[in-house]
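Peer 1: My structure is in target_13.pdb, and what it holds is PDB, C-alpha atoms:
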```
ATOM      1  CA  MET A  11     -37.124-102.519 254.681  1.00  0.00           C
ATOM      2  CA  ASN A  12     -39.478-101.076 252.162  1.00  0.00           C
ATOM      3  CA  GLY A  13     -42.347-101.670 254.588  1.00  0.00           C
ATOM      4  CA  ASP A  14     -40.352 -99.994 257.326  1.00  0.00           C
ATOM      5  CA  LYS A  15     -39.972 -96.849 255.225  1.00  0.00           C
ATOM      6  CA  ARG A  16     -43.665 -96.927 254.395  1.00  0.00           C
ATOM      7  CA  GLY A  17     -44.525 -97.241 258.086  1.00  0.00           C
ATOM      8  CA  LYS A  18     -42.286 -94.291 258.976  1.00  0.00           C
ATOM      9  CA  LYS A  19     -43.815 -92.195 256.190  1.00  0.00           C
ATOM     10  CA  LEU A  20     -47.328 -93.153 257.288  1.00  0.00           C
ATOM     11  CA  MET A  21     -46.440 -92.344 260.899  1.00  0.00           C
ATOM     12  CA  THR A  22     -44.963 -88.962 259.855  1.00  0.00           C
ATOM     13  CA  VAL A  23     -48.067 -88.158 257.779  1.00  0.00           C
ATOM     14  CA  CYS A  24     -50.352 -89.123 260.699  1.00  0.00           C
ATOM     15  CA  ILE A  25     -48.345 -86.967 263.103  1.00  0.00           C
ATOM     16  CA  CYS A  26     -48.476 -84.035 260.670  1.00  0.00           C
ATOM     17  CA  ILE A  27     -52.248 -84.431 260.238  1.00  0.00           C
ATOM     18  CA  PHE A  28     -52.703 -84.704 264.005  1.00  0.00           C
ATOM     19  CA  LEU A  29     -50.598 -81.590 264.650  1.00  0.00           C
ATOM     20  CA  SER A  30     -52.486 -79.686 261.924  1.00  0.00           C
ATOM     21  CA  VAL A  31     -55.820 -80.594 263.508  1.00  0.00           C
ATOM     22  CA  VAL A  32     -54.549 -79.539 266.946  1.00  0.00           C
ATOM     23  CA  PHE A  33     -53.280 -76.260 265.489  1.00  0.00           C
ATOM     24  CA  LEU A  34     -56.624 -75.556 263.750  1.00  0.00           C
ATOM     25  CA  VAL A  35     -58.654 -76.336 266.867  1.00  0.00           C
ATOM     26  CA  THR A  36     -56.349 -74.179 269.015  1.00  0.00           C
ATOM     27  CA  SER A  37     -56.606 -71.297 266.547  1.00  0.00           C
ATOM     28  CA  PHE A  38     -60.396 -71.582 266.453  1.00  0.00           C
ATOM     29  CA  VAL A  39     -60.645 -71.622 270.257  1.00  0.00           C
ATOM     30  CA  GLN A  40     -58.282 -68.646 270.589  1.00  0.00           C
ATOM     31  CA  LYS A  41     -60.294 -66.611 268.060  1.00  0.00           C
ATOM     32  CA  LYS A  42     -63.507 -67.432 269.873  1.00  0.00           C
ATOM     33  CA  VAL A  43     -62.009 -66.455 273.255  1.00  0.00           C
ATOM     34  CA  MET A  44     -60.622 -63.203 271.824  1.00  0.00           C
ATOM     35  CA  LYS A  45     -64.001 -62.378 270.291  1.00  0.00           C
ATOM     36  CA  GLU A  46     -65.748 -62.998 273.625  1.00  0.00           C
ATOM     37  CA  GLU A  47     -63.193 -60.842 275.478  1.00  0.00           C
ATOM     38  CA  LYS A  48     -63.622 -58.044 272.951  1.00  0.00           C
ATOM     39  CA  THR A  49     -67.406 -58.187 273.324  1.00  0.00           C
ATOM     40  CA  SER A  50     -67.039 -58.216 277.105  1.00  0.00           C
ATOM     41  CA  GLN A  51     -64.697 -55.207 277.002  1.00  0.00           C
ATOM     42  CA  LYS A  52     -67.137 -53.259 274.816  1.00  0.00           C
ATOM     43  CA  GLY A  53     -69.883 -53.961 277.332  1.00  0.00           C
ATOM     44  CA  GLN A  54     -67.656 -52.804 280.174  1.00  0.00           C
ATOM     45  CA  VAL A  55     -66.720 -49.622 278.321  1.00  0.00           C
ATOM     46  CA  GLN A  56     -70.385 -48.856 277.640  1.00  0.00           C
ATOM     47  CA  MET A  57     -71.242 -49.531 281.263  1.00  0.00           C
ATOM     48  CA  SER A  58     -68.381 -47.338 282.473  1.00  0.00           C
ATOM     49  CA  LYS A  59     -69.615 -44.424 280.359  1.00  0.00           C
ATOM     50  CA  GLU A  60     -72.935 -44.465 282.186  1.00  0.00           C
ATOM     51  CA  PRO A  61     -72.673 -42.666 285.503  1.00  0.00           C
ATOM     52  CA  VAL A  62     -73.079 -45.034 288.374  1.00  0.00           C
ATOM     53  CA  VAL A  63     -74.968 -43.224 291.077  1.00  0.00           C
ATOM     54  CA  GLU A  64     -75.025 -45.074 294.310  1.00  0.00           C
ATOM     55  CA  PRO A  65     -77.266 -43.438 296.866  1.00  0.00           C
ATOM     56  CA  GLU A  66     -75.571 -42.238 299.992  1.00  0.00           C
ATOM     57  CA  LEU A  67     -77.001 -42.947 303.400  1.00  0.00           C
ATOM     58  CA  TYR A  68     -77.739 -40.741 306.356  1.00  0.00           C
ATOM     59  CA  GLN A  69     -76.060 -41.642 309.562  1.00  0.00           C
ATOM     60  CA  GLU A  70     -79.445 -43.055 310.605  1.00  0.00           C
ATOM     61  CA  GLY A  71     -79.578 -45.171 307.433  1.00  0.00           C
ATOM     62  CA  GLU A  72     -82.023 -43.061 305.360  1.00  0.00           C
ATOM     63  CA  LEU A  73     -81.241 -42.510 301.682  1.00  0.00           C
ATOM     64  CA  ILE A  74     -79.969 -39.110 300.628  1.00  0.00           C
ATOM     65  CA  THR A  75     -82.164 -38.035 297.727  1.00  0.00           C
ATOM     66  CA  ILE A  76     -81.045 -34.438 297.240  1.00  0.00           C
ATOM     67  CA  TYR A  77     -77.932 -32.977 295.717  1.00  0.00           C
ATOM     68  CA  PHE A  78     -76.382 -29.539 295.566  1.00  0.00           C
ATOM     69  CA  THR A  79     -75.277 -28.013 292.282  1.00  0.00           C
ATOM     70  CA  ASN A  80     -72.997 -25.060 291.877  1.00  0.00           C
ATOM     71  CA  THR A  81     -71.215 -25.430 295.249  1.00  0.00           C
ATOM     72  CA  GLU A  82     -67.829 -24.240 293.994  1.00  0.00           C
ATOM     73  CA  GLN A  83     -68.045 -20.903 295.793  1.00  0.00           C
ATOM     74  CA  ILE A  84     -68.665 -22.619 299.122  1.00  0.00           C
ATOM     75  CA  ASP A  85     -66.027 -25.293 298.590  1.00  0.00           C
ATOM     76  CA  GLU A  86     -63.305 -23.081 297.116  1.00  0.00           C
ATOM     77  CA  LYS A  87     -63.652 -20.242 299.608  1.00  0.00           C
ATOM     78  CA  GLY A  88     -63.669 -22.615 302.569  1.00  0.00           C
ATOM     79  CA  ALA A  89     -66.937 -21.114 303.748  1.00  0.00           C
ATOM     80  CA  LEU A  90     -67.800 -24.157 305.850  1.00  0.00           C
ATOM     81  CA  PRO A  91     -65.532 -26.442 307.827  1.00  0.00           C
ATOM     82  CA  TYR A  92     -65.028 -29.835 306.182  1.00  0.00           C
ATOM     83  CA  LYS A  93     -67.051 -31.734 308.783  1.00  0.00           C
ATOM     84  CA  GLU A  94     -70.028 -29.428 308.265  1.00  0.00           C
ATOM     85  CA  LEU A  95     -69.781 -29.689 304.472  1.00  0.00           C
ATOM     86  CA  GLU A  96     -70.318 -33.420 304.907  1.00  0.00           C
ATOM     87  CA  GLN A  97     -73.411 -32.790 307.037  1.00  0.00           C
ATOM     88  CA  LEU A  98     -74.866 -30.027 304.857  1.00  0.00           C
ATOM     89  CA  THR A  99     -76.736 -32.408 302.544  1.00  0.00           C
ATOM     90  CA  GLU A 100     -78.131 -34.500 305.381  1.00  0.00           C
ATOM     91  CA  LYS A 101     -79.309 -31.520 307.416  1.00  0.00           C
ATOM     92  CA  THR A 102     -80.776 -29.781 304.374  1.00  0.00           C
ATOM     93  CA  GLN A 103     -82.686 -32.885 303.341  1.00  0.00           C
ATOM     94  CA  ALA A 104     -84.023 -33.321 306.873  1.00  0.00           C
ATOM     95  CA  PHE A 105     -85.227 -29.680 306.835  1.00  0.00           C
ATOM     96  CA  LEU A 106     -86.888 -30.072 303.422  1.00  0.00           C
ATOM     97  CA  ILE A 107     -88.607 -33.327 304.429  1.00  0.00           C
ATOM     98  CA  SER A 108     -89.867 -31.744 307.647  1.00  0.00           C
ATOM     99  CA  HIS A 109     -91.509 -29.052 305.501  1.00  0.00           C
ATOM    100  CA  GLY A 110     -92.979 -31.544 303.003  1.00  0.00           C
ATOM    101  CA  ILE A 111     -90.716 -30.472 300.137  1.00  0.00           C
ATOM    102  CA  GLU A 112     -89.659 -33.209 297.734  1.00  0.00           C
ATOM    103  CA  GLU A 113     -87.184 -31.345 295.527  1.00  0.00           C
ATOM    104  CA  THR A 114     -83.988 -33.223 294.653  1.00  0.00           C
ATOM    105  CA  GLU A 115     -81.859 -30.459 293.094  1.00  0.00           C
ATOM    106  CA  ILE A 116     -80.670 -27.543 295.187  1.00  0.00           C
ATOM    107  CA  GLN A 117     -78.749 -24.844 293.348  1.00  0.00           C
ATOM    108  CA  VAL A 118     -76.481 -22.507 295.292  1.00  0.00           C
ATOM    109  CA  ILE A 119     -77.192 -18.975 294.060  1.00  0.00           C
ATOM    110  CA  ASP A 120     -74.069 -17.291 292.666  1.00  0.00           C
ATOM    111  CA  GLY A 121     -72.825 -14.425 294.806  1.00  0.00           C
ATOM    112  CA  SER A 122     -75.072 -15.273 297.763  1.00  0.00           C
ATOM    113  CA  LEU A 123     -72.233 -16.352 300.060  1.00  0.00           C
ATOM    114  CA  ARG A 124     -71.507 -13.927 302.875  1.00  0.00           C
ATOM    115  CA  LYS A 125     -69.688 -14.107 306.193  1.00  0.00           C
ATOM    116  CA  ASP A 126     -70.516 -12.099 309.273  1.00  0.00           C
ATOM    117  CA  GLY A 127     -67.961 -12.864 311.944  1.00  0.00           C
ATOM    118  CA  LYS A 128     -68.395 -16.515 312.828  1.00  0.00           C
ATOM    119  CA  LYS A 129     -71.616 -16.827 310.842  1.00  0.00           C
ATOM    120  CA  THR A 130     -71.737 -17.958 307.225  1.00  0.00           C
ATOM    121  CA  PHE A 131     -74.833 -17.513 305.067  1.00  0.00           C
ATOM    122  CA  PHE A 132     -75.750 -18.448 301.517  1.00  0.00           C
ATOM    123  CA  SER A 133     -78.922 -18.942 299.509  1.00  0.00           C
ATOM    124  CA  CYS A 134     -80.108 -21.754 297.298  1.00  0.00           C
ATOM    125  CA  LYS A 135     -82.824 -22.119 294.716  1.00  0.00           C
ATOM    126  CA  VAL A 136     -85.154 -25.008 295.578  1.00  0.00           C
ATOM    127  CA  GLY A 137     -87.897 -25.325 292.990  1.00  0.00           C
ATOM    128  CA  LYS A 138     -89.592 -21.894 292.898  1.00  0.00           C
ATOM    129  CA  SER A 139     -88.428 -20.946 296.373  1.00  0.00           C
ATOM    130  CA  VAL A 140     -85.241 -19.622 297.891  1.00  0.00           C
ATOM    131  CA  LEU A 141     -83.724 -21.482 300.815  1.00  0.00           C
ATOM    132  CA  HIS A 142     -81.458 -19.463 303.099  1.00  0.00           C
ATOM    133  CA  ILE A 143     -78.854 -21.526 304.932  1.00  0.00           C
ATOM    134  CA  GLY A 144     -76.799 -20.187 307.786  1.00  0.00           C
ATOM    135  CA  PHE A 145     -74.022 -21.825 309.751  1.00  0.00           C
ATOM    136  CA  HIS A 146     -72.862 -20.648 313.176  1.00  0.00           C
ATOM    137  CA  GLU A 147     -69.263 -21.677 313.917  1.00  0.00           C
ATOM    138  CA  ASP A 148     -69.653 -21.177 317.679  1.00  0.00           C
ATOM    139  CA  THR A 149     -72.522 -23.637 318.034  1.00  0.00           C
ATOM    140  CA  GLU A 150     -71.761 -25.667 314.887  1.00  0.00           C
ATOM    141  CA  GLU A 151     -75.451 -25.443 314.028  1.00  0.00           C
ATOM    142  CA  PHE A 152     -77.217 -24.877 310.726  1.00  0.00           C
ATOM    143  CA  GLU A 153     -80.194 -22.581 310.413  1.00  0.00           C
ATOM    144  CA  PHE A 154     -82.656 -22.801 307.527  1.00  0.00           C
ATOM    145  CA  SER A 155     -85.407 -20.470 306.311  1.00  0.00           C
ATOM    146  CA  PHE A 156     -87.544 -20.175 303.177  1.00  0.00           C
ATOM    147  CA  ARG A 157     -88.659 -17.338 300.995  1.00  0.00           C
ATOM    148  CA  ARG A 158     -91.325 -18.616 298.630  1.00  0.00           C
ATOM    149  CA  GLY A 159     -91.940 -17.505 295.058  1.00  0.00           C
ATOM    150  CA  GLY A 160     -88.496 -16.901 293.569  1.00  0.00           C
ATOM    151  CA  ALA A 161     -85.311 -15.003 294.236  1.00  0.00           C
TER     152      ALA A 161
END
```
Will you turn the file into structure tokens for me?

Peer 2:
Amino acid sequence: MNGDKRGKKLMTVCICIFLSVVFLVTSFVQKKVMKEEKTSQKGQVQMSKEPVVEPELYQEGELITIYFTNTEQIDEKGALPYKELEQLTEKTQAFLISHGIEETEIQVIDGSLRKDGKKTFFSCKVGKSVLHIGFHEDTEEFEFSFRRGGA
């Protein structure tokens, strides 16, 4: 019987050692996984802080390389119908390319918006030139013209 008790004690000690080893390994693996997740989350947060600019495409598949700044007055006052607002960038870029102008930033000039019946006009600064843009509601056409050398 004495041997039986020794065997049970030895078995209990072995089970305890085995469970301790399993617990230590599990803890180590969990810490490692948590550390990797934390590192991954930091990378995602840093990546999310950087603006992701995906180029838009023309209907014909060309990249849109220009952007308008300061368009609040046009947007807020409903100066252009929604469909035409979507086409404004495309049509403006096509006009600039046709005139060999490679500017990317077009700034709407404050206070330049005016309506004359069914015609809407506003001006934009493009480099050192002023671009006048008109929209005719009847024909749904844009009209562009340049005045070089500043406002």

Peer 1: Extending 6 Å beyond the listed atoms of range 146-156 of chain A on each side, what axis-aligned box results? I want centre and edge lengths in Å to one decimal, as JSON.

Peer 2:
```
{"center_x": -78.4, "center_y": -22.9, "center_z": 310.6, "size_x": 30.3, "size_y": 17.5, "size_z": 26.9}
```

Peer 1: What does the PyMOL selection byres ((chain A and resi 126) around 12) select in this file, as a ChimeraX atom specification?

Peer 2: /A:89,123-125,127-132,144-147

Peer 1: Tell me which of A:Leu106, A:Val32, A:Ser37, A:Val118 sits closest to Phe156 in chain A, counting only C-alpha atoms.

Peer 2: A:Leu106

Peer 1: Provide the CA of Gly137 in chain A to CA of His109 in chain A distance in Å, to one decimal place.

Peer 2: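 Answer for the CA of Gly137 in chain A to CA of His109 in chain A separation: 13.5 Å.
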
Peer 1: Apply the PyMOL selection byres ((chain A and resi 82) around 12) to the structure shown and report the selected residues as a list in words.

Peer 2: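 On the file shown, the PyMOL selection byres ((chain A and resi 82) around 12) covers Phe78, Thr79, Asn80, Thr81, Gln83, Ile84, Asp85, Glu86, Lys87, Gly88, Ala89, Leu90, Leu95, Gln117, Val118, Ile119, Asp120, Gly121 and Leu123 of chain A.
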
Peer 1: Tell me, in Å to one decimal, how far CA of Ser155 in chain A is from CA of His142 in chain A.

Peer 2: 5.2 Å

Peer 1: How would you write, as a list in words, the residues chosen by the PyMOL selection byres ((chain A and resi 94) around 9) on this structure?

Peer 2: Leu90, Pro91, Tyr92, Lys93, Leu95, Glu96, Gln97, Leu98, Phe145, Glu150, Glu151 and Phe152 of chain A
